[in-house]
Amino acid sequence: MNSTRILLFAGGNLGDWAIRYIREGDWLVGVDRGALFLVRNGLSPRLSIGDFDSVTAEEMAEIERHSLDVSACDPVMKDLTDTEMALTWAIGQKPREIVLLGVLGSRFDHTLANVHLLGKSLQKGVSCRIVDERNEIRLVNSHCELSQDQFTHVSLLPLTMEVTGITLRGFMYPLEDATLRIGDTLGISNILVEQTGTIEVRTGQLLVIKSKD
């Protein structure tokens with residue numbers, strides 16, 4: 001695993017906040033229309049990938065001119081979403097971290113599928129999170145540390161049928177060796193009261209969602 005951070009820009013909710021998220025040395029990957037977002041903000045994606053069914057021929061030419069590499073596929077004859085193709089490529093680079101931007105949007109099916117994709121990185125031991133202007137989402141199966149920042153609330157939702165051994169430290173509402181099952185809302189809208197909080201999980205996969213109104 002190397003020290004690289006890879007940022008994937010998909011075609012969902014994006015804005016100036018996403019550009020400000022970029023740090024020097026980051027690898028930028030444009031996913032379908034997310035590639036157009038990058039090039040129109042003066043950035044050159046290391047890779048632009050997808051079926052590009054959401055861009056015109058002129059926009060595609062623009063993406064090709066400003067990308068270091070382009071991987072295009074047929075919009076019908078494929079088994080994976082554009083975001084999963086991009087994430088699979090990113091995991092293969094063995095980076096320090098992958099950040100998914102523009103993967104939350106108006107299509108709930110795509111949004112939910114993208115949240116589920118966090119499990120692919122977890123299985124490979126690669127740190128991965130979803131970020132937008134109001135949310136940060138990660139998937140935990142052992143230990144997680146959170147720091148106070150602009151996100152005021154922390155919610156915990158099981159992604160597997162059951163998550164056991166949940167212990168919270170540094171939160172307004174602590175838990176000790178608790179169990180959450182699909183459908184439980186006990187973990188919604190907690191608040192960090194210390195500068196750093198910890199989440200421990202014994203079994204299962206737990207979504208940790210930091211958010212602000």
# chains A, B, ... in the order shown; residues from 1 in each chain; ligands from 1
$ residues_around --residues "Thr81 of chain A" --least-positions-apart "2" --cutoff "10 Å" --atoms "only C-alpha atoms" --output "PDB file with all heavy atoms, in the first residue's frame"
ATOM      1  N   VAL A  31     -15.476  10.070 -13.124  1.00  0.00           N
ATOM      2  CA  VAL A  31     -16.392   8.969 -13.419  1.00  0.00           C
ATOM      3  C   VAL A  31     -17.563   9.529 -14.232  1.00  0.00           C
ATOM      4  O   VAL A  31     -18.369  10.309 -13.722  1.00  0.00           O
ATOM      5  CB  VAL A  31     -16.898   8.304 -12.130  1.00  0.00           C
ATOM      6  CG1 VAL A  31     -17.763   7.094 -12.466  1.00  0.00           C
ATOM      7  CG2 VAL A  31     -15.736   7.906 -11.229  1.00  0.00           C
ATOM      8  N   GLY A  50     -15.897   5.238 -17.609  1.00  0.00           N
ATOM      9  CA  GLY A  50     -17.346   5.078 -17.608  1.00  0.00           C
ATOM     10  C   GLY A  50     -17.887   4.811 -18.990  1.00  0.00           C
ATOM     11  O   GLY A  50     -17.138   4.646 -19.959  1.00  0.00           O
ATOM     12  N   ASP A  51     -19.230   4.784 -19.089  1.00  0.00           N
ATOM     13  CA  ASP A  51     -19.841   4.620 -20.405  1.00  0.00           C
ATOM     14  C   ASP A  51     -20.125   5.971 -21.059  1.00  0.00           C
ATOM     15  O   ASP A  51     -20.432   6.034 -22.237  1.00  0.00           O
ATOM     16  CB  ASP A  51     -21.119   3.780 -20.318  1.00  0.00           C
ATOM     17  CG  ASP A  51     -22.151   4.358 -19.356  1.00  0.00           C
ATOM     18  OD1 ASP A  51     -22.164   5.582 -19.119  1.00  0.00           O
ATOM     19  OD2 ASP A  51     -22.974   3.566 -18.848  1.00  0.00           O
ATOM     20  N   PRO A  75     -22.472   1.442 -22.966  1.00  0.00           N
ATOM     21  CA  PRO A  75     -23.436   1.714 -21.902  1.00  0.00           C
ATOM     22  C   PRO A  75     -24.416   0.581 -21.634  1.00  0.00           C
ATOM     23  O   PRO A  75     -25.070   0.577 -20.579  1.00  0.00           O
ATOM     24  CB  PRO A  75     -24.169   2.962 -22.412  1.00  0.00           C
ATOM     25  CG  PRO A  75     -23.995   2.942 -23.879  1.00  0.00           C
ATOM     26  CD  PRO A  75     -22.656   2.322 -24.130  1.00  0.00           C
ATOM     27  N   LYS A  78     -22.469  -4.067 -20.207  1.00  0.00           N
ATOM     28  CA  LYS A  78     -21.575  -4.017 -19.058  1.00  0.00           C
ATOM     29  C   LYS A  78     -22.338  -4.516 -17.846  1.00  0.00           C
ATOM     30  O   LYS A  78     -23.568  -4.467 -17.792  1.00  0.00           O
ATOM     31  CB  LYS A  78     -21.061  -2.593 -18.815  1.00  0.00           C
ATOM     32  CG  LYS A  78     -22.137  -1.595 -18.412  1.00  0.00           C
ATOM     33  CD  LYS A  78     -21.532  -0.262 -18.005  1.00  0.00           C
ATOM     34  CE  LYS A  78     -22.588   0.652 -17.388  1.00  0.00           C
ATOM     35  NZ  LYS A  78     -22.022   1.883 -16.857  1.00  0.00           N
ATOM     36  N   ASP A  79     -21.597  -5.016 -16.862  1.00  0.00           N
ATOM     37  CA  ASP A  79     -22.210  -5.581 -15.661  1.00  0.00           C
ATOM     38  C   ASP A  79     -22.080  -4.683 -14.444  1.00  0.00           C
ATOM     39  O   ASP A  79     -22.821  -4.844 -13.473  1.00  0.00           O
ATOM     40  CB  ASP A  79     -21.580  -6.946 -15.337  1.00  0.00           C
ATOM     41  CG  ASP A  79     -21.876  -7.985 -16.413  1.00  0.00           C
ATOM     42  OD1 ASP A  79     -22.996  -7.948 -16.969  1.00  0.00           O
ATOM     43  OD2 ASP A  79     -20.993  -8.813 -16.686  1.00  0.00           O
ATOM     44  N   THR A  83     -19.303   3.797 -11.303  1.00  0.00           N
ATOM     45  CA  THR A  83     -18.619   4.035 -10.030  1.00  0.00           C
ATOM     46  C   THR A  83     -17.923   2.780  -9.533  1.00  0.00           C
ATOM     47  O   THR A  83     -16.799   2.840  -9.021  1.00  0.00           O
ATOM     48  CB  THR A  83     -19.607   4.549  -8.973  1.00  0.00           C
ATOM     49  OG1 THR A  83     -20.245   5.739  -9.454  1.00  0.00           O
ATOM     50  CG2 THR A  83     -18.894   4.873  -7.676  1.00  0.00           C
ATOM     51  N   GLU A  84     -18.566   1.615  -9.710  1.00  0.00           N
ATOM     52  CA  GLU A  84     -17.906   0.382  -9.274  1.00  0.00           C
ATOM     53  C   GLU A  84     -16.680   0.093 -10.129  1.00  0.00           C
ATOM     54  O   GLU A  84     -15.648  -0.368  -9.617  1.00  0.00           O
ATOM     55  CB  GLU A  84     -18.867  -0.804  -9.316  1.00  0.00           C
ATOM     56  CG  GLU A  84     -18.224  -2.076  -8.769  1.00  0.00           C
ATOM     57  CD  GLU A  84     -19.175  -3.250  -8.630  1.00  0.00           C
ATOM     58  OE1 GLU A  84     -20.363  -3.097  -8.953  1.00  0.00           O
ATOM     59  OE2 GLU A  84     -18.718  -4.328  -8.195  1.00  0.00           O
ATOM     60  N   MET A  85     -16.746   0.366 -11.422  1.00  0.00           N
ATOM     61  CA  MET A  85     -15.567   0.187 -12.266  1.00  0.00           C
ATOM     62  C   MET A  85     -14.420   1.076 -11.794  1.00  0.00           C
ATOM     63  O   MET A  85     -13.271   0.635 -11.700  1.00  0.00           O
ATOM     64  CB  MET A  85     -15.909   0.495 -13.725  1.00  0.00           C
ATOM     65  CG  MET A  85     -16.756  -0.552 -14.407  1.00  0.00           C
ATOM     66  SD  MET A  85     -16.899  -0.305 -16.206  1.00  0.00           S
ATOM     67  CE  MET A  85     -17.753   1.254 -16.280  1.00  0.00           C
ATOM     68  N   ALA A  86     -14.745   2.324 -11.477  1.00  0.00           N
ATOM     69  CA  ALA A  86     -13.714   3.261 -11.023  1.00  0.00           C
ATOM     70  C   ALA A  86     -13.145   2.843  -9.678  1.00  0.00           C
ATOM     71  O   ALA A  86     -11.923   2.899  -9.464  1.00  0.00           O
ATOM     72  CB  ALA A  86     -14.303   4.668 -10.941  1.00  0.00           C
ATOM     73  N   LEU A  87     -14.011   2.417  -8.772  1.00  0.00           N
ATOM     74  CA  LEU A  87     -13.542   2.000  -7.454  1.00  0.00           C
ATOM     75  C   LEU A  87     -12.666   0.762  -7.558  1.00  0.00           C
ATOM     76  O   LEU A  87     -11.643   0.655  -6.868  1.00  0.00           O
ATOM     77  CB  LEU A  87     -14.733   1.742  -6.533  1.00  0.00           C
ATOM     78  CG  LEU A  87     -14.382   1.297  -5.107  1.00  0.00           C
ATOM     79  CD1 LEU A  87     -13.569   2.371  -4.387  1.00  0.00           C
ATOM     80  CD2 LEU A  87     -15.633   0.970  -4.316  1.00  0.00           C
ATOM     81  N   HIS A 110     -28.869   4.450  -7.235  1.00  0.00           N
ATOM     82  CA  HIS A 110     -27.427   4.648  -7.382  1.00  0.00           C
ATOM     83  C   HIS A 110     -26.790   5.064  -6.064  1.00  0.00           C
ATOM     84  O   HIS A 110     -25.691   4.601  -5.722  1.00  0.00           O
ATOM     85  CB  HIS A 110     -27.148   5.695  -8.461  1.00  0.00           C
ATOM     86  CG  HIS A 110     -27.267   5.163  -9.855  1.00  0.00           C
ATOM     87  ND1 HIS A 110     -26.279   4.439 -10.467  1.00  0.00           N
ATOM     88  CD2 HIS A 110     -28.279   5.243 -10.751  1.00  0.00           C
ATOM     89  CE1 HIS A 110     -26.648   4.089 -11.683  1.00  0.00           C
ATOM     90  NE2 HIS A 110     -27.874   4.569 -11.886  1.00  0.00           N
ATOM     91  N   ALA A 113     -26.562   1.979  -3.873  1.00  0.00           N
ATOM     92  CA  ALA A 113     -25.533   1.080  -4.406  1.00  0.00           C
ATOM     93  C   ALA A 113     -24.135   1.604  -4.099  1.00  0.00           C
ATOM     94  O   ALA A 113     -23.228   0.829  -3.767  1.00  0.00           O
ATOM     95  CB  ALA A 113     -25.718   0.912  -5.909  1.00  0.00           C
ATOM     96  N   ASN A 114     -23.948   2.915  -4.193  1.00  0.00           N
ATOM     97  CA  ASN A 114     -22.638   3.493  -3.919  1.00  0.00           C
ATOM     98  C   ASN A 114     -22.261   3.373  -2.445  1.00  0.00           C
ATOM     99  O   ASN A 114     -21.087   3.158  -2.116  1.00  0.00           O
ATOM    100  CB  ASN A 114     -22.615   4.956  -4.359  1.00  0.00           C
ATOM    101  CG  ASN A 114     -22.655   5.100  -5.862  1.00  0.00           C
ATOM    102  OD1 ASN A 114     -22.244   4.204  -6.596  1.00  0.00           O
ATOM    103  ND2 ASN A 114     -23.156   6.226  -6.344  1.00  0.00           N
TER     104      ASN A 114
END
$ residues_around --residues "Ile137 of chain A" --least-positions-apart "2" --cutoff "12 Å" --atoms "only C-alpha atoms" --output "ChimeraX atom specification"
/A:99-101,103-104,111-112,114-119,127-135,139-140,146,151,153-157,206-211
$ residues_around --residues "Thr198 of chain A" --least-positions-apart "3" --cutoff "6 Å" --atoms "only C-alpha atoms" --output "list in words"
Cys144, Glu145, Leu168 and Arg169 of chain A
$ write_last_selection --atoms "all heavy atoms" --output "tab-separated table (two decimals), in the first residue's frame"
chain	number	residue	atom	x	y	z
A	144	CYS	N	-12.74	2.62	14.84
A	144	CYS	CA	-12.80	3.87	14.10
A	144	CYS	C	-12.62	5.03	15.08
A	144	CYS	O	-13.18	5.01	16.18
A	144	CYS	CB	-14.16	3.99	13.39
A	144	CYS	SG	-14.42	5.54	12.52
A	145	GLU	N	-11.84	6.03	14.69
A	145	GLU	CA	-11.68	7.26	15.47
A	145	GLU	C	-12.25	8.43	14.69
A	145	GLU	O	-12.01	8.55	13.49
A	145	GLU	CB	-10.21	7.52	15.80
A	145	GLU	CG	-9.62	6.58	16.82
A	145	GLU	CD	-8.23	7.02	17.29
A	145	GLU	OE1	-7.77	8.09	16.82
A	145	GLU	OE2	-7.63	6.30	18.09
A	168	LEU	N	-18.96	2.95	22.32
A	168	LEU	CA	-18.66	4.34	21.97
A	168	LEU	C	-17.99	5.04	23.13
A	168	LEU	O	-18.42	4.91	24.29
A	168	LEU	CB	-19.94	5.10	21.60
A	168	LEU	CG	-20.85	4.51	20.51
A	168	LEU	CD1	-22.02	5.44	20.26
A	168	LEU	CD2	-20.07	4.28	19.23
A	169	ARG	N	-16.97	5.84	22.82
A	169	ARG	CA	-16.29	6.67	23.81
A	169	ARG	C	-16.22	8.10	23.26
A	169	ARG	O	-15.92	8.30	22.08
A	169	ARG	CB	-14.87	6.17	24.08
A	169	ARG	CG	-14.81	4.76	24.66
A	169	ARG	CD	-15.13	4.75	26.16
A	169	ARG	NE	-14.94	3.41	26.74
A	169	ARG	CZ	-15.90	2.51	26.89
A	169	ARG	NH1	-17.14	2.82	26.50
A	169	ARG	NH2	-15.64	1.32	27.40
$ atom_distance --atom1 "atom CA of Gly92 of chain A" --atom2 "atom CA of Glu136 of chain A"
23.1 Å
$ residues_around --residues "Arg33 of chain A" --least-positions-apart "4" --cutoff "10 Å" --atoms "only C-alpha atoms" --output "PyMOL selection string"
chain A and resi 9-12+37-38+48-56+59-60+63+102
$ select_by_dssp --residues "segment 71-149 of chain A" --states "alpha helix (DSSP H)" --output "JSON, numbers by chain"
{"A": [82, 83, 84, 85, 86, 87, 88, 89, 90, 91, 92, 108, 109, 110, 111, 112, 113, 114, 115, 116, 118, 119, 120, 121, 122, 123, 124]}
$ atom_distance --atom1 "atom CA of Ala178 of chain A" --atom2 "atom CA of Glu194 of chain A"
20.5 Å
$ closest_residue --among "A:Ile188, A:Ile182, A:Ala57, A:Leu175" --to "Glu200 of chain A" --atoms "only C-alpha atoms"
A:Leu175
$ residues_around --residues "Ile91 of chain A" --least-positions-apart "2" --cutoff "9 Å" --atoms "only C-alpha atoms" --output "number ranges by chain"
A: 86-89, 93-95, 98, 120-121, 124, 126
$ residues_around --residues "Leu47 of chain A" --least-positions-apart "6" --cutoff "7 Å" --atoms "only C-alpha atoms" --output "list in words"
Val29, Gly30, Ser67, Leu68, Asp69 and Val70 of chain A
$ atom_distance --atom1 "atom CA of Val163 of chain A" --atom2 "atom CA of Asp177 of chain A"
10.1 Å
$ select_by_dssp --residues "segment 136-180 of chain A" --states "strand (DSSP E or B)" --output "list of chain:residue names"
A:Glu136, A:Ile137, A:Arg138, A:Leu139, A:Val140, A:His143, A:Cys144, A:Glu145, A:Leu146, A:Ser147, A:His153, A:Val154, A:Ser155, A:Leu156, A:Leu157, A:Pro158, A:Glu162, A:Val163, A:Thr164, A:Gly165, A:Ile166, A:Thr167, A:Leu168, A:Arg169, A:Phe171, A:Ala178, A:Thr179, A:Leu180
$ closest_residue --among "A:Ser44, A:Ser147, A:Phe171, A:Leu159" --to "Gln195 of chain A" --atoms "only C-alpha atoms"
A:Ser147
$ closest_residue --among "A:Asp109, A:Asp74, A:Glu97, A:Glu176" --to "Met1 of chain A" --atoms "only C-alpha atoms"
A:Glu97
